[in-house]
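Scroll down for the structure; my scribbles are underneath it.
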Amino acid sequence: MIARQQKSKLLWIAVYLLACFLVAEWSVGLWSKSLSLQADAGHILADVLALLISLFATFFAQQPAKSKATFGNQRLEVLAALINGFSLIAIASFILWEAIHRWQNPEPILGLPMLFIAFLGLIVNIFSMKLLHPHTHNDLNLQGVFLHVIADTVSSVGVIIAALLVHICHWWWADAVISFLVAIFIGLSAFPLVKESLNIFLEYAPESINPDEVNISIKSFPNVLQVEKLHIWKISSNSVMLCANLTVECATIHERDRLLQKLQIHLQKSFGITDITLQLSSDKSLPEASINPLLNQDLALMLFANQSRSNL
């Protein structure tokens with residue numbers, strides 16, 4: 001709970017910083033007629049929206065499971081990461097379109113205001129990266145936000161380079177070229193995030209776990225004869241689940257319980273699977289009890305009916 005509260009606090013700090021800088025960068029971008037500044041401002045707007053989505057998802061993910069939400073709301077964080085990924089791709093596509101148009105029709109740009117605001121943006125983004133980076137491990141939601149900030153940092157560096165070329169060499173086309181390169185970087189950085197999020201929603205096995213290896217590992221236990229209906233999937237970025245039906249050879253219930261405990265410990269340590277459900281069934285079925293034909297209910301009813309007819 002403390003970790004989640006700290007994460008929410010850091011996200012709010014990042015929101016305030018980026019929102020304040022967004023207003024400044026968008027204003028200077030319109031004044032200086034710099035496409036790269038306007039594109040970077042649009043990217044920061046996406047950052048702010050991504051952070052707000054992340055805060056919303058983090059809040060609801062903390063709520064306990066109730067009613068029909070038996071898994072809780074953990075997948076809201078994955079949904080937020082997916083939205084962030086698609087927003088990055090959309091922003092990259094828009095910047096590419098505008099960069100091509102600006103390349104064909106270059107306009108004079110004010111280099112010094114562009115340079116100043118880009119340098120300020122670099123400082124803000126580096127500070128945001130330092131805030132978020134320690135908390136991005138095993139959190140797909142924060143990884144998505146962190147990718148936004150990284151892409152924005154690279155964008156700020158690109159804008160600084162373009163501003164120097166515009167101010168010193170009067171190369172107006174440099175603004176369009178840098179915008180084009182930044183858009184390519186933003187789009188490529190989004191694909192791994194989208195892929196991971198979709199894999200979780202489609203309930204694929206994690207990239208780090210090979211189901212065939214898990215199957216072989218379970219069968220390596222002497223008492224396990226067969227593994228059926230093995231399913232491995234992720235509920236969230238740090239919650240891996242497994243369920244399977246096992247045919248085992250155990251003489252007593254105590255042996256079966258010991259085997260179940262060993263399997264759970266092995267799967268947790270070897271594959272990092274956090275939630276394990278195993279159904280164990282014996283390979284030997286109980287012999288059917290012999291029933292005296294005279295005690296069979298159907299046969300007794302037949303005899304009673306025949307006796308009744310004979311009396312009539």
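By order of appearance in the structure tokens: chains A, B, ..., then residues from 1 within every chain, and ligands from 1 in the order shown.
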Filtered DSSP result for segment 97-158 of chain A, state alpha helix (DSSP H), as JSON, numbers by chain: {"A": [97, 98, 99, 100, 101, 102, 103, 104, 111, 112, 113, 114, 115, 116, 117, 118, 119, 120, 121, 122, 123, 124, 125, 126, 127, 128, 129, 130, 131, 132, 140, 141, 142, 143, 144, 145, 146, 147, 148, 149, 150, 151, 152, 153, 154, 155, 156, 157, 158]}
Write out, as a short mmCIF file (atom, residue, chain, number, x, y, z; two decimals), in the first residue's frame, the residues just selected, with N, CA and C atoms.
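Okay, selection-v7.cif is ready:
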```cif
data_model
loop_
_atom_site.label_atom_id
_atom_site.label_comp_id
_atom_site.auth_asym_id
_atom_site.auth_seq_id
_atom_site.Cartn_x
_atom_site.Cartn_y
_atom_site.Cartn_z
N TRP A 97 3.28 13.27 -40.63
CA TRP A 97 2.49 13.96 -41.66
C TRP A 97 2.86 15.45 -41.72
N GLU A 98 2.94 16.08 -40.56
CA GLU A 98 3.27 17.50 -40.52
C GLU A 98 4.72 17.76 -40.97
N ALA A 99 5.63 16.85 -40.64
CA ALA A 99 7.03 17.02 -41.03
C ALA A 99 7.19 16.96 -42.55
N ILE A 100 6.47 16.05 -43.18
CA ILE A 100 6.53 15.95 -44.65
C ILE A 100 5.98 17.22 -45.28
N HIS A 101 4.87 17.71 -44.71
CA HIS A 101 4.29 18.95 -45.24
C HIS A 101 5.25 20.13 -45.04
N ARG A 102 5.89 20.21 -43.88
CA ARG A 102 6.82 21.31 -43.60
C ARG A 102 8.09 21.21 -44.47
N TRP A 103 8.51 19.99 -44.78
CA TRP A 103 9.67 19.81 -45.66
C TRP A 103 9.38 20.37 -47.06
N GLN A 104 8.17 20.17 -47.53
CA GLN A 104 7.80 20.66 -48.85
C GLN A 104 7.58 22.18 -48.86
N GLY A 111 15.06 30.93 -33.99
CA GLY A 111 15.91 29.90 -33.41
C GLY A 111 16.15 30.04 -31.92
N LEU A 112 16.35 31.29 -31.42
CA LEU A 112 16.70 31.47 -30.01
C LEU A 112 15.57 31.08 -29.05
N PRO A 113 14.32 31.55 -29.26
CA PRO A 113 13.24 31.09 -28.38
C PRO A 113 13.06 29.58 -28.43
N MET A 114 13.22 29.03 -29.61
CA MET A 114 13.12 27.58 -29.80
C MET A 114 14.19 26.87 -28.99
N LEU A 115 15.43 27.39 -29.01
CA LEU A 115 16.53 26.78 -28.28
C LEU A 115 16.31 26.85 -26.77
N PHE A 116 15.85 27.99 -26.30
CA PHE A 116 15.65 28.18 -24.86
C PHE A 116 14.59 27.22 -24.30
N ILE A 117 13.46 27.15 -24.96
CA ILE A 117 12.37 26.31 -24.44
C ILE A 117 12.71 24.83 -24.58
N ALA A 118 13.46 24.47 -25.62
CA ALA A 118 13.86 23.07 -25.78
C ALA A 118 14.83 22.65 -24.67
N PHE A 119 15.74 23.55 -24.31
CA PHE A 119 16.67 23.25 -23.22
C PHE A 119 15.94 23.12 -21.89
N LEU A 120 14.96 23.98 -21.67
CA LEU A 120 14.15 23.90 -20.45
C LEU A 120 13.37 22.58 -20.43
N GLY A 121 12.85 22.18 -21.58
CA GLY A 121 12.12 20.91 -21.67
C GLY A 121 13.00 19.72 -21.36
N LEU A 122 14.25 19.78 -21.79
CA LEU A 122 15.19 18.70 -21.51
C LEU A 122 15.39 18.55 -20.00
N ILE A 123 15.52 19.67 -19.29
CA ILE A 123 15.70 19.62 -17.83
C ILE A 123 14.47 19.02 -17.16
N VAL A 124 13.28 19.44 -17.58
CA VAL A 124 12.04 18.92 -16.99
C VAL A 124 11.91 17.42 -17.23
N ASN A 125 12.23 16.97 -18.43
CA ASN A 125 12.09 15.55 -18.75
C ASN A 125 13.10 14.68 -18.01
N ILE A 126 14.32 15.18 -17.88
CA ILE A 126 15.34 14.42 -17.14
C ILE A 126 14.93 14.28 -15.67
N PHE A 127 14.39 15.35 -15.12
CA PHE A 127 13.92 15.29 -13.73
C PHE A 127 12.77 14.29 -13.58
N SER A 128 11.85 14.28 -14.54
CA SER A 128 10.73 13.33 -14.51
C SER A 128 11.22 11.90 -14.65
N MET A 129 12.23 11.67 -15.49
CA MET A 129 12.79 10.33 -15.65
C MET A 129 13.38 9.83 -14.34
N LYS A 130 14.10 10.71 -13.63
CA LYS A 130 14.70 10.30 -12.35
C LYS A 130 13.63 9.99 -11.31
N LEU A 131 12.49 10.68 -11.38
CA LEU A 131 11.40 10.40 -10.45
C LEU A 131 10.77 9.04 -10.71
N LEU A 132 10.57 8.70 -11.98
CA LEU A 132 9.79 7.53 -12.33
C LEU A 132 10.61 6.24 -12.44
N LEU A 140 3.85 -2.50 -15.75
CA LEU A 140 3.68 -2.19 -17.16
C LEU A 140 3.07 -0.80 -17.34
N ASN A 141 2.22 -0.41 -16.41
CA ASN A 141 1.60 0.90 -16.47
C ASN A 141 2.64 2.01 -16.41
N LEU A 142 3.52 1.96 -15.39
CA LEU A 142 4.56 2.98 -15.26
C LEU A 142 5.59 2.88 -16.38
N GLN A 143 5.80 1.67 -16.89
CA GLN A 143 6.72 1.53 -18.03
C GLN A 143 6.21 2.31 -19.22
N GLY A 144 4.89 2.28 -19.42
CA GLY A 144 4.31 3.05 -20.52
C GLY A 144 4.51 4.54 -20.34
N VAL A 145 4.29 5.03 -19.12
CA VAL A 145 4.51 6.45 -18.83
C VAL A 145 5.99 6.80 -19.00
N PHE A 146 6.86 5.92 -18.52
CA PHE A 146 8.30 6.17 -18.61
C PHE A 146 8.75 6.25 -20.06
N LEU A 147 8.18 5.40 -20.92
CA LEU A 147 8.50 5.45 -22.35
C LEU A 147 8.10 6.79 -22.94
N HIS A 148 6.95 7.30 -22.51
CA HIS A 148 6.53 8.63 -22.96
C HIS A 148 7.60 9.67 -22.61
N VAL A 149 8.08 9.64 -21.37
CA VAL A 149 9.05 10.63 -20.91
C VAL A 149 10.38 10.48 -21.63
N ILE A 150 10.80 9.22 -21.87
CA ILE A 150 12.05 8.99 -22.61
C ILE A 150 11.94 9.57 -24.02
N ALA A 151 10.82 9.24 -24.68
CA ALA A 151 10.62 9.76 -26.04
C ALA A 151 10.60 11.28 -26.04
N ASP A 152 10.02 11.87 -25.01
CA ASP A 152 9.99 13.33 -24.93
C ASP A 152 11.38 13.90 -24.69
N THR A 153 12.20 13.19 -23.92
CA THR A 153 13.58 13.65 -23.69
C THR A 153 14.38 13.64 -24.99
N VAL A 154 14.25 12.55 -25.73
CA VAL A 154 14.92 12.48 -27.03
C VAL A 154 14.41 13.57 -27.96
N SER A 155 13.11 13.82 -27.89
CA SER A 155 12.53 14.88 -28.71
C SER A 155 13.13 16.23 -28.35
N SER A 156 13.34 16.49 -27.06
CA SER A 156 13.94 17.76 -26.62
C SER A 156 15.36 17.91 -27.16
N VAL A 157 16.12 16.82 -27.13
CA VAL A 157 17.48 16.85 -27.69
C VAL A 157 17.43 17.17 -29.19
N GLY A 158 16.49 16.52 -29.88
CA GLY A 158 16.35 16.79 -31.30
C GLY A 158 15.98 18.24 -31.59
#
```
List the spatial neighbours of Leu52 of chain A as a ChimeraX atom specification - criterion: any atom at most 12 Å away, only C-alpha atoms, same-chain residues fewer than 4 positions off excluded. /A:8-16,18-19,45-48,56-59,77,80-81,83-84,141-142,145
Can you spit out the residues from that selection as a PDB file, in the first residue's frame, using C-alpha atoms?
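Here's the written file selection.pdb:
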```pdb
ATOM      1  CA  SER A   8       0.754   7.946  -7.043  1.00  0.00           C
ATOM      2  CA  LYS A   9       2.562  10.877  -5.430  1.00  0.00           C
ATOM      3  CA  LEU A  10       5.378  10.682  -7.989  1.00  0.00           C
ATOM      4  CA  LEU A  11       2.877  10.544 -10.828  1.00  0.00           C
ATOM      5  CA  TRP A  12       1.133  13.682  -9.565  1.00  0.00           C
ATOM      6  CA  ILE A  13       4.457  15.543  -9.333  1.00  0.00           C
ATOM      7  CA  ALA A  14       5.238  14.564 -12.919  1.00  0.00           C
ATOM      8  CA  VAL A  15       1.761  15.717 -14.028  1.00  0.00           C
ATOM      9  CA  TYR A  16       2.239  19.183 -12.501  1.00  0.00           C
ATOM     10  CA  LEU A  18       4.712  18.542 -17.505  1.00  0.00           C
ATOM     11  CA  ALA A  19       1.424  20.457 -17.507  1.00  0.00           C
ATOM     12  CA  LEU A  45       0.048  16.644 -23.847  1.00  0.00           C
ATOM     13  CA  ALA A  46      -0.042  12.892 -24.464  1.00  0.00           C
ATOM     14  CA  ASP A  47       2.329  12.452 -21.521  1.00  0.00           C
ATOM     15  CA  VAL A  48      -0.024  14.359 -19.221  1.00  0.00           C
ATOM     16  CA  PHE A  56      -6.865   6.566 -12.531  1.00  0.00           C
ATOM     17  CA  ALA A  57      -5.798   2.968 -13.190  1.00  0.00           C
ATOM     18  CA  THR A  58      -3.515   2.853 -10.142  1.00  0.00           C
ATOM     19  CA  PHE A  59      -6.336   4.072  -7.873  1.00  0.00           C
ATOM     20  CA  GLU A  77      -3.174  -0.803 -15.349  1.00  0.00           C
ATOM     21  CA  ALA A  80      -3.771   2.184 -19.350  1.00  0.00           C
ATOM     22  CA  ALA A  81      -0.462   0.945 -20.767  1.00  0.00           C
ATOM     23  CA  ILE A  83      -3.870   3.274 -24.358  1.00  0.00           C
ATOM     24  CA  ASN A  84      -0.512   4.959 -23.794  1.00  0.00           C
ATOM     25  CA  ASN A 141       1.597   0.904 -16.472  1.00  0.00           C
ATOM     26  CA  LEU A 142       4.560   2.980 -15.264  1.00  0.00           C
ATOM     27  CA  VAL A 145       4.509   6.449 -18.831  1.00  0.00           C
TER      28      VAL A 145
END
```
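Every protein, DNA or RNA residue with an atom at most 9 Å from Leu165 of chain A, where only C-alpha atoms count and chain neighbours fewer than 5 positions away do not, is listed here: Gly111, Ile160, His170, Trp171, Trp172, Ala174 and Asp175 of chain A.
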Please write the residues from the selection above to a file, keeping N, CA, C and O atoms, as a PDB file, in the first residue's frame.
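Generated file (result37.pdb):
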```pdb
ATOM      1  N   GLY A 111      15.063  30.934 -33.993  1.00  0.00           N
ATOM      2  CA  GLY A 111      15.911  29.904 -33.409  1.00  0.00           C
ATOM      3  C   GLY A 111      16.148  30.042 -31.916  1.00  0.00           C
ATOM      4  O   GLY A 111      16.131  29.046 -31.187  1.00  0.00           O
ATOM      5  N   ILE A 160      16.711  20.821 -29.729  1.00  0.00           N
ATOM      6  CA  ILE A 160      17.903  21.646 -29.454  1.00  0.00           C
ATOM      7  C   ILE A 160      18.831  21.648 -30.667  1.00  0.00           C
ATOM      8  O   ILE A 160      19.344  22.704 -31.083  1.00  0.00           O
ATOM      9  N   HIS A 170      20.650  28.954 -40.484  1.00  0.00           N
ATOM     10  CA  HIS A 170      19.391  29.298 -41.165  1.00  0.00           C
ATOM     11  C   HIS A 170      18.880  28.154 -42.034  1.00  0.00           C
ATOM     12  O   HIS A 170      18.337  28.386 -43.126  1.00  0.00           O
ATOM     13  N   TRP A 171      19.054  26.940 -41.549  1.00  0.00           N
ATOM     14  CA  TRP A 171      18.544  25.764 -42.257  1.00  0.00           C
ATOM     15  C   TRP A 171      17.125  25.477 -41.737  1.00  0.00           C
ATOM     16  O   TRP A 171      16.918  24.729 -40.796  1.00  0.00           O
ATOM     17  N   TRP A 172      16.127  26.078 -42.398  1.00  0.00           N
ATOM     18  CA  TRP A 172      14.741  25.916 -41.940  1.00  0.00           C
ATOM     19  C   TRP A 172      14.292  24.456 -42.034  1.00  0.00           C
ATOM     20  O   TRP A 172      13.461  23.997 -41.225  1.00  0.00           O
ATOM     21  N   ALA A 174      15.842  21.905 -41.241  1.00  0.00           N
ATOM     22  CA  ALA A 174      16.319  21.079 -40.125  1.00  0.00           C
ATOM     23  C   ALA A 174      15.192  20.799 -39.125  1.00  0.00           C
ATOM     24  O   ALA A 174      15.139  19.734 -38.505  1.00  0.00           O
ATOM     25  N   ASP A 175      14.284  21.762 -38.983  1.00  0.00           N
ATOM     26  CA  ASP A 175      13.158  21.586 -38.061  1.00  0.00           C
ATOM     27  C   ASP A 175      12.285  20.413 -38.509  1.00  0.00           C
ATOM     28  O   ASP A 175      11.867  19.585 -37.685  1.00  0.00           O
TER      29      ASP A 175
END
```
Neighbour list for Trp233 of chain A as a VMD selection string, cut-off 10 Å, only C-alpha atoms, skip fewer than 2 positions in-chain: chain A and resid 199 to 206 209 231 235 to 236 239 to 243 273
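Put simply, atom CA of Ile91 of chain A is 14.4 Å away from atom CA of Val194 of chain A.
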Just checking: using only C-alpha atoms, which residue out of A:Leu280, A:Ala41, A:Val177, A:Ile253 ends up closest to Val224 of chain A? A:Leu280
Do you know which residues are at most 10 Å from Phe221 of chain A counting only C-alpha atoms, after dropping those on the same chain fewer than 3 positions away, and could you put them as JSON, numbers by chain? {"A": [216, 217, 218, 224, 225, 248, 259, 262, 263]}
